[in-house]
Amino acid sequence: MALQAGEIHALLGENGAGKSTLIKIMTGVVQPDGGDVFVDGRQVRVGSALEAQALGIAAVYQEPMIFPDLSVAENIFISHRDRGRIVDRGAMRRDAEAVLDRLGVRLDVGEPARGLTVAAQQTVEIAKALSLRVRVLIMDEPTASLSAHEVRRLFGIVKALRGEGVAILFISHRMEDVFQIADRVTVLRDGRWISTRPRSEVTPASAIRDMVGRTMGDFFRRTPTRPGDVVLEVRGLAREGVFAGVSFTLRAGEVLGLAGLVGARRTDVGLALFGIAPADAGEVLVDSRPVTIRSPQDALRVGIAYTTEDRRQLGLVFPLSIAANVTLPTLRRYLSRFGLVRRAAEDAVAQGFKERLSIRAPSVRTAAGSLSGGNQQKVVLSKWLNTRPRVFILDEPTRGLDVGAKAEVHQIIDELAHDGIAVILISSELPEVLAMSDRILVMREGRQMAVFDSAEATQERVLATAMGQLATPAVVV
Amino acid sequence: MARDIFRRLVRWEGLLLAILAVIVVVTGIAVPGYLNPQNQINLLELSIEKAIVVLAMTFVIVSGEIDLSIASVMGLSAVLVAWLKEQGVPVEVGIIAALLVGALCGLFNGYWVAVIGLPSLAVTLAGLIGYRGAALLLVGDRSIGGFPEWFNRLGQQPLLGPFPLALMVFAVLLVGATVLLQFSGFGRYAYVVGSSPEVARFSGVRVRRVKLAVFAMSGVVSAFAGVLLLARLGAVRGSTAEGFELDIITMVLLGGVSIFGGSGTMAGVILSILVVLNLRNGLALANATGNTQAGVIGALLILSVLVPNLVAAARSRLGRGGSAEAAVIPKLSDL
Amino acid sequence: MTLLLRRVRPEQVRELTLVFILVAVVAFFATQIPNYLAWQTFTDISTGLAIIAVAAVGQTLVVLTRNIDLSIGSVVGLVAYFVGTLLAGTPGMPAPAAFGIAIAMGGALGAVNGVIVAFGRVPAVVATLGTLAIYRVALVELSGAKTVTTDSLPAWLLNLPRMSVVSLGQLDVRPLVLLALAVVIVFQLVLSYLPYGRRLFAIGSNPDAARVAGLPVERDVFVAFLLSGALAGLAGFLFLVRFGNITVVAGQGLELQVVAAVVVGGVNIFGGSGSIVGALAGATLINVLQQSLIRWPAVSAFAQDAILGLLILLAVASDKVILGRLRTIWVQARRRDEERAAATAAEQATHGA
């Protein structure tokens, strides 16, 4: 694909389509295996972040990288080396205001960056890039945390940038944003370029079709289960500023898929149910009895387990053995009278899971960190299965896994349902959600949009709901 | 990765073993009578209180924290026993009081770190100064001696065969600490909390409790060591045990326990204690002053962290280059 | 209250509180100790303060970058001893030369720390704990356990503390105090007006962002340690001037007082915020407390350290709890202002359209 000076180019694609990797290549974080990168017609190799900066390539992410203790003006100019020996506060203020002016924004440039809203911090980063003479500005999900008014302001800024001849690569899941601002639209799917068209030739429907275009047959088919009694009931669950109005019921043996795009706040619902980031409003009932969950211990006590989406940071202790990881939440069960770990019992349990889930490893004493992604995920699943949960919340369980490993995890989920566990499957992969779920709850920006029965759900319908495109969302509980 | 860790440990402990062997052999040749068991015991005695605190400190560092106040708690507890004796309180009661105070100091430290969330460096630095201050308040610039005969005897004379009480206590605590760290559930929790407090939290581990326990343990053990020190010295000043933290932290870090927490073994720590003690002894016999010994220990401390870093850096440069930046780039929105 | 909070930043509140506490403490002791509010007291306090203040300036630079320098006590002792011996051996040495040597030596010692921390990636705690011991050993070896005595030192050195640069009635301003003041002013300016100074704040505020932004993090941290050492060397010179008799335990424990001064003075132990002036205020508060307690018969002179420890804890705890709370309130208030402004702007836009 090509970016022209003075255009706003939208990049669309589902999670896993390859957008992030593309950005990493453009900003010099990773190197491509093949293909070429040209800037101004010259072939270049972006070897490092500094080289990207020199080429005029800058990126602004969802989480702005600012210095909270420095003022706005200083944040903009901190990496400049050509401002002379003495810091001229007055000149810095004026120059900062000038840059912000080019973007059509007014901020108190003397104020510490900590006090800024996320939107303002983003603006500061854009101003920083502009001051470094950016040619290509990559914006990764810039509107995900912004209010409507802030989005309007951001668009003003982006248009101003375009006026200055900057090429803007705008990655977003929000159709209305894309269609308001983009000049051209590129769609990626499964790591491949699918299409690049001028905005006039694209409709939301055609874009979604390009993004999704996969047949359903490739995926694991659930074996039918008869759902049991209602295990979990959630009414009006909310956490101020994060999500609100989440309500659903869940039966034993049922799989509820939680679909949505980045910023939908599905993980936050999971964290609330697991007690890491408790909700401040709403009710949770387990077996028709109201429960308060304010810590993971509370959650475990009522039988709720949660596997995190970030396996590496939050799921496993890498230097520890498989067995030790598997027994971590339930270690008390494996302690002798004197508090010593009964290794044999621990190993036996781990061995059991190893066989049941086909975890490929030399032994249960191998360090968890040395396993492949798929096997690591199985260890994570084992760990929580060992807590004998009634409700199992799986957050992106097949993220980063290859096809074979994915299929294995899907099979495990199927067995979980058969064992009578109520499963909440949070996944950004639509086909997976559609194939595995009995019902699908779609969220968008912290709000519950609709609950579909698997029979009436199609990829287009779910994606459209997740993007807010469906005019009258079918709210079926 | 366990294989790497295993290899690293084997290498680290093997290295320690090699260094120990060298030190012992060299000193054994240079100084006649060095390897005489009685001599060894005498020399070991001189730093046995520090070695005892090392055992507790290992837990603190493994769990990802640090305790700079240990030496001050040692001093405070010794001073407390002495001061209580002056007030007419029997030494036996004084010892119990000292242990309680040690536990309180530890819990105090732990409260600010685990519950309020302050950095342990700052809190225990305040403790280092504050507890020492408390000791000075009690004893001023005097020296208090004149302890009952049984107390002095326990501290200075061999108890069982050639072994003094302190050495026996150390041996018992050594076994206990090894079992606790390597074989018990609590030890497992300590490793996990140090390795990744977030994973621990997400796995239902009570991180707060673990940290409080670790600090309380550090306080009690330091207090106990202080009492043993008092018994051995027979007298106490406001400055007793000043500066001990350097040796203690060095012995832990040199034993292969990472300052960042989550790794290290008791075996390594034991070897490191032997290395440091023998090094000190050897240097002392070579007429190097206590200060020189401290200097060598200081160099060892720096090297124990520097060398692995340099090795890792060299390895990454010889291996893949250029992905070092990946760690610094902010998390992108999806894969 | 919120109105006030909107105008004044939390960090400024912190500094003002410190000054307020200082005034309160002085007022309190004035009621307890006769002749407390005399210029003599000021002179006594300020001369002792000069040494700590100079070292605290260096420590501030290091702490701003999220590091710490525990070796300065040994550096002070080592430099004081070395320069003292040098002066005793070469009586004709001009004062500026001795002065320069002190700073250069301190800088070299600081540079060693800098290399180990910035390039060896050894955590500052470990590195400076180690050099604390190594430098002390060097001192002992160098001295052969001998003492630098006042009778071996040149006259100009010995008279320096007693000289008065300016005399306003009963107030004697000593050269040491002026020197310390000059250092404070110079480095406050460095932090405020030199790009290097601003980068130090950036590094402590967000080390990852600093790297991503292409700032020379390793080089800047190295220089911070070098400067800290150089200032410790200067403090060592002042130490020599003040005490004359230098033993091998000179400066021992100084680092604790300096770190305490810096922390109490509002420099965040995590880096990124604080000021030299704040560190000076912290050093002053501590020194005033110490000197006042000595003069106050009601409390044992040995209570100093205990109170110091308590002060540090209070400072760090209150920073986390109160400052954190203030910051949240402040940020929320500002955001609400922004939203309100945005809403009115939006209204005007729709009205205008």
# chains A, B, ... in the order shown; residues from 1 in each chain; ligands from 1
call {"tool": "interface_residues", "arguments": {"of": "chain A", "to": "chain C", "cutoff": "7 Å", "atoms": "only C-alpha atoms", "output": "VMD selection string"}}
result
chain A and resid 49 to 50 65 to 70 79 85 to 87 115 117
call {"tool": "write_last_selection", "arguments": {"atoms": "C-alpha atoms", "output": "compact mmCIF listing (two decimals), in the first residue's frame"}}
result
# COMPACT_ATOMS: atom_id res chain seq x y z
CA ALA A 49 12.93 4.19 16.48
CA LEU A 50 15.50 6.93 15.98
CA MET A 65 3.78 8.27 26.13
CA ILE A 66 4.13 11.57 27.90
CA PHE A 67 6.08 12.87 30.86
CA PRO A 68 3.52 13.58 33.56
CA ASP A 69 5.77 15.91 35.53
CA LEU A 70 6.83 18.12 32.66
CA SER A 79 13.63 15.59 22.30
CA ARG A 85 22.00 26.08 25.19
CA ILE A 86 19.54 27.78 27.47
CA VAL A 87 15.95 26.77 27.90
CA GLY A 115 -3.35 17.17 34.44
CA THR A 117 -7.19 14.42 29.69
call {"tool": "interface_residues", "arguments": {"of": "chain C", "to": "chain B", "cutoff": "9 Å", "atoms": "only C-alpha atoms", "output": "PyMOL selection string"}}
result
chain C and resi 116+120-123+125-138+140-141+208-209+211-212+256-257+260+263+269-270+300-313+316-317+320-321
call {"tool": "residues_around", "arguments": {"residues": "Val262 in chain C", "least_positions_apart": "6", "cutoff": "9 Å", "atoms": "only C-alpha atoms", "output": "short mmCIF file (atom, residue, chain, number, x, y, z; two decimals) with C-alpha atoms, in the first residue's frame"}}
result
data_model
loop_
_atom_site.label_atom_id
_atom_site.label_comp_id
_atom_site.auth_asym_id
_atom_site.auth_seq_id
_atom_site.Cartn_x
_atom_site.Cartn_y
_atom_site.Cartn_z
CA ALA C 56 21.90 17.38 48.94
CA VAL C 57 22.08 19.31 45.69
CA GLN C 59 21.74 13.87 45.57
CA THR C 60 18.73 15.69 44.15
CA VAL C 63 17.16 11.03 42.76
CA ASN C 268 10.02 12.30 44.80
CA ILE C 269 11.96 9.12 45.55
CA GLY C 274 11.24 18.08 43.08
CA ILE C 276 16.87 22.10 44.64
CA GLY C 278 12.95 22.02 48.15
CA ALA C 279 15.98 19.92 49.03
CA LEU C 280 17.48 22.96 50.71
CA ALA C 281 14.29 23.48 52.67
CA GLY C 282 14.36 19.83 53.71
CA ALA C 283 17.99 20.06 54.75
#
call {"tool": "residues_around", "arguments": {"residues": "Arg89 in chain A", "least_positions_apart": "2", "cutoff": "9 Å", "atoms": "only C-alpha atoms", "output": "NGL selection string"}}
result
(:A and (73-74 or 87 or 91-94)) or (:C and (193))
call {"tool": "write_last_selection", "arguments": {"atoms": "N, CA and C atoms", "output": "short mmCIF file (atom, residue, chain, number, x, y, z; two decimals), in the first residue's frame"}}
result
data_model
loop_
_atom_site.label_atom_id
_atom_site.label_comp_id
_atom_site.auth_asym_id
_atom_site.auth_seq_id
_atom_site.Cartn_x
_atom_site.Cartn_y
_atom_site.Cartn_z
N ALA A 73 4.45 22.27 27.07
CA ALA A 73 5.45 22.79 26.13
C ALA A 73 6.70 21.93 26.16
N GLU A 74 7.13 21.55 27.37
CA GLU A 74 8.35 20.74 27.46
C GLU A 74 8.14 19.36 26.87
N VAL A 87 17.37 26.99 28.09
CA VAL A 87 15.95 26.77 27.90
C VAL A 87 15.23 28.10 28.01
N ALA A 91 10.06 31.47 24.84
CA ALA A 91 10.06 31.02 23.45
C ALA A 91 9.40 29.66 23.34
N MET A 92 9.67 28.79 24.33
CA MET A 92 9.09 27.46 24.30
C MET A 92 7.57 27.55 24.35
N ARG A 93 7.07 28.42 25.22
CA ARG A 93 5.62 28.60 25.32
C ARG A 93 5.06 29.06 23.99
N ARG A 94 5.74 30.07 23.41
CA ARG A 94 5.21 30.62 22.16
C ARG A 94 5.24 29.57 21.07
N TYR C 193 16.83 25.83 33.62
CA TYR C 193 17.10 26.48 32.34
C TYR C 193 18.03 25.74 31.40
#
call {"tool": "residues_around", "arguments": {"residues": "range 451-467 of chain A", "least_positions_apart": "4", "cutoff": "7 Å", "atoms": "only C-alpha atoms", "output": "list of chain:residue names"}}
result
A:His173, A:Arg174, A:Met175, A:Ile208, A:Gly260, A:Leu261, A:Leu430, A:Leu434, A:Ser437, A:Asp438, A:Arg439, A:Ile440, A:Leu441, A:Val442, A:Met443, A:Arg444, A:Pro473, A:Val475, A:Val476, A:Val477
call {"tool": "residues_around", "arguments": {"residues": "Ala114 in chain B", "least_positions_apart": "3", "cutoff": "10 Å", "atoms": "only C-alpha atoms", "output": "list in words"}}
result
Glu65, Leu107, Asn109, Gly110, Tyr111, Gly117, Leu118, Pro119, Ser120, Val207, Arg208, Arg209, Val210, Lys211, Leu212, Ala213 and Phe215 of chain B
call {"tool": "write_last_selection", "arguments": {"atoms": "N, CA and C atoms", "output": "PDB file, in the first residue's frame"}}
result
ATOM      1  N   GLU B  65      11.422  -7.286  47.710  1.00  0.00           N
ATOM      2  CA  GLU B  65      11.598  -6.076  48.508  1.00  0.00           C
ATOM      3  C   GLU B  65      13.013  -6.009  49.052  1.00  0.00           C
ATOM      4  N   LEU B 107       6.708  -5.498  61.377  1.00  0.00           N
ATOM      5  CA  LEU B 107       5.331  -5.280  60.946  1.00  0.00           C
ATOM      6  C   LEU B 107       5.118  -3.827  60.553  1.00  0.00           C
ATOM      7  N   ASN B 109       7.393  -1.806  59.305  1.00  0.00           N
ATOM      8  CA  ASN B 109       7.951  -1.690  57.957  1.00  0.00           C
ATOM      9  C   ASN B 109       6.975  -2.259  56.941  1.00  0.00           C
ATOM     10  N   GLY B 110       6.516  -3.469  57.235  1.00  0.00           N
ATOM     11  CA  GLY B 110       5.658  -4.185  56.300  1.00  0.00           C
ATOM     12  C   GLY B 110       4.349  -3.460  56.035  1.00  0.00           C
ATOM     13  N   TYR B 111       3.823  -2.823  57.061  1.00  0.00           N
ATOM     14  CA  TYR B 111       2.568  -2.094  56.887  1.00  0.00           C
ATOM     15  C   TYR B 111       2.690  -1.022  55.816  1.00  0.00           C
ATOM     16  N   GLY B 117       1.736   0.852  50.323  1.00  0.00           N
ATOM     17  CA  GLY B 117       2.322   0.803  48.997  1.00  0.00           C
ATOM     18  C   GLY B 117       3.518   1.706  48.793  1.00  0.00           C
ATOM     19  N   LEU B 118       4.226   2.041  49.894  1.00  0.00           N
ATOM     20  CA  LEU B 118       5.425   2.864  49.741  1.00  0.00           C
ATOM     21  C   LEU B 118       6.603   1.993  49.312  1.00  0.00           C
ATOM     22  N   PRO B 119       7.585   2.585  48.638  1.00  0.00           N
ATOM     23  CA  PRO B 119       8.751   1.776  48.241  1.00  0.00           C
ATOM     24  C   PRO B 119       9.532   1.321  49.466  1.00  0.00           C
ATOM     25  N   SER B 120       9.911   0.035  49.474  1.00  0.00           N
ATOM     26  CA  SER B 120      10.565  -0.522  50.653  1.00  0.00           C
ATOM     27  C   SER B 120      11.924   0.134  50.899  1.00  0.00           C
ATOM     28  N   VAL B 207      -1.040 -11.254  48.365  1.00  0.00           N
ATOM     29  CA  VAL B 207       0.274 -10.624  48.287  1.00  0.00           C
ATOM     30  C   VAL B 207       0.597  -9.835  49.552  1.00  0.00           C
ATOM     31  N   ARG B 208      -0.415  -9.105  50.037  1.00  0.00           N
ATOM     32  CA  ARG B 208      -0.184  -8.303  51.244  1.00  0.00           C
ATOM     33  C   ARG B 208       0.299  -9.140  52.410  1.00  0.00           C
ATOM     34  N   ARG B 209      -0.388 -10.247  52.631  1.00  0.00           N
ATOM     35  CA  ARG B 209      -0.044 -11.079  53.778  1.00  0.00           C
ATOM     36  C   ARG B 209       1.360 -11.633  53.663  1.00  0.00           C
ATOM     37  N   VAL B 210       1.705 -12.041  52.461  1.00  0.00           N
ATOM     38  CA  VAL B 210       3.040 -12.601  52.266  1.00  0.00           C
ATOM     39  C   VAL B 210       4.093 -11.558  52.611  1.00  0.00           C
ATOM     40  N   LYS B 211       3.891 -10.348  52.102  1.00  0.00           N
ATOM     41  CA  LYS B 211       4.897  -9.308  52.354  1.00  0.00           C
ATOM     42  C   LYS B 211       4.961  -8.940  53.835  1.00  0.00           C
ATOM     43  N   LEU B 212       3.802  -8.829  54.470  1.00  0.00           N
ATOM     44  CA  LEU B 212       3.804  -8.531  55.899  1.00  0.00           C
ATOM     45  C   LEU B 212       4.560  -9.602  56.666  1.00  0.00           C
ATOM     46  N   ALA B 213       4.303 -10.858  56.299  1.00  0.00           N
ATOM     47  CA  ALA B 213       4.957 -11.958  57.004  1.00  0.00           C
ATOM     48  C   ALA B 213       6.462 -11.899  56.815  1.00  0.00           C
ATOM     49  N   PHE B 215       8.376  -9.333  56.203  1.00  0.00           N
ATOM     50  CA  PHE B 215       8.991  -8.244  56.968  1.00  0.00           C
ATOM     51  C   PHE B 215       8.974  -8.531  58.468  1.00  0.00           C
TER      52      PHE B 215
END
call {"tool": "interface_residues", "arguments": {"of": "chain A", "to": "chain B", "cutoff": "6 Å", "atoms": "only C-alpha atoms", "output": "PyMOL selection string"}}
result
chain A and resi 15-16+20+29+296-297+314-315+329+339-341+367+369-370
call {"tool": "atom_distance", "arguments": {"atom1": "CA of Val391 in chain A", "atom2": "CA of Phe353 in chain A"}}
result
18.8 Å
call {"tool": "select_by_dssp", "arguments": {"residues": "range 81-317 of chain B", "states": "helix (DSSP H, G or I)", "output": "MDAnalysis selection string"}}
result
chainID B and resid 81:86 91:116 120:139 149:156 165:183 185:195 197:202 207:233 244:254 266:285 290:317
call {"tool": "atom_distance", "arguments": {"atom1": "CA of Leu167 in chain B", "atom2": "CA of Ile41 in chain B"}}
result
8.3 Å
call {"tool": "atom_distance", "arguments": {"atom1": "CA of Ile61 in chain B", "atom2": "CA of Asp69 in chain C"}}
result
20.1 Å
call {"tool": "select_by_dssp", "arguments": {"residues": "range 355-453 of chain A", "states": "strand (DSSP E or B)", "output": "PyMOL selection string"}}
result
chain A and resi 367+391-395+422-426+439-444+447-453
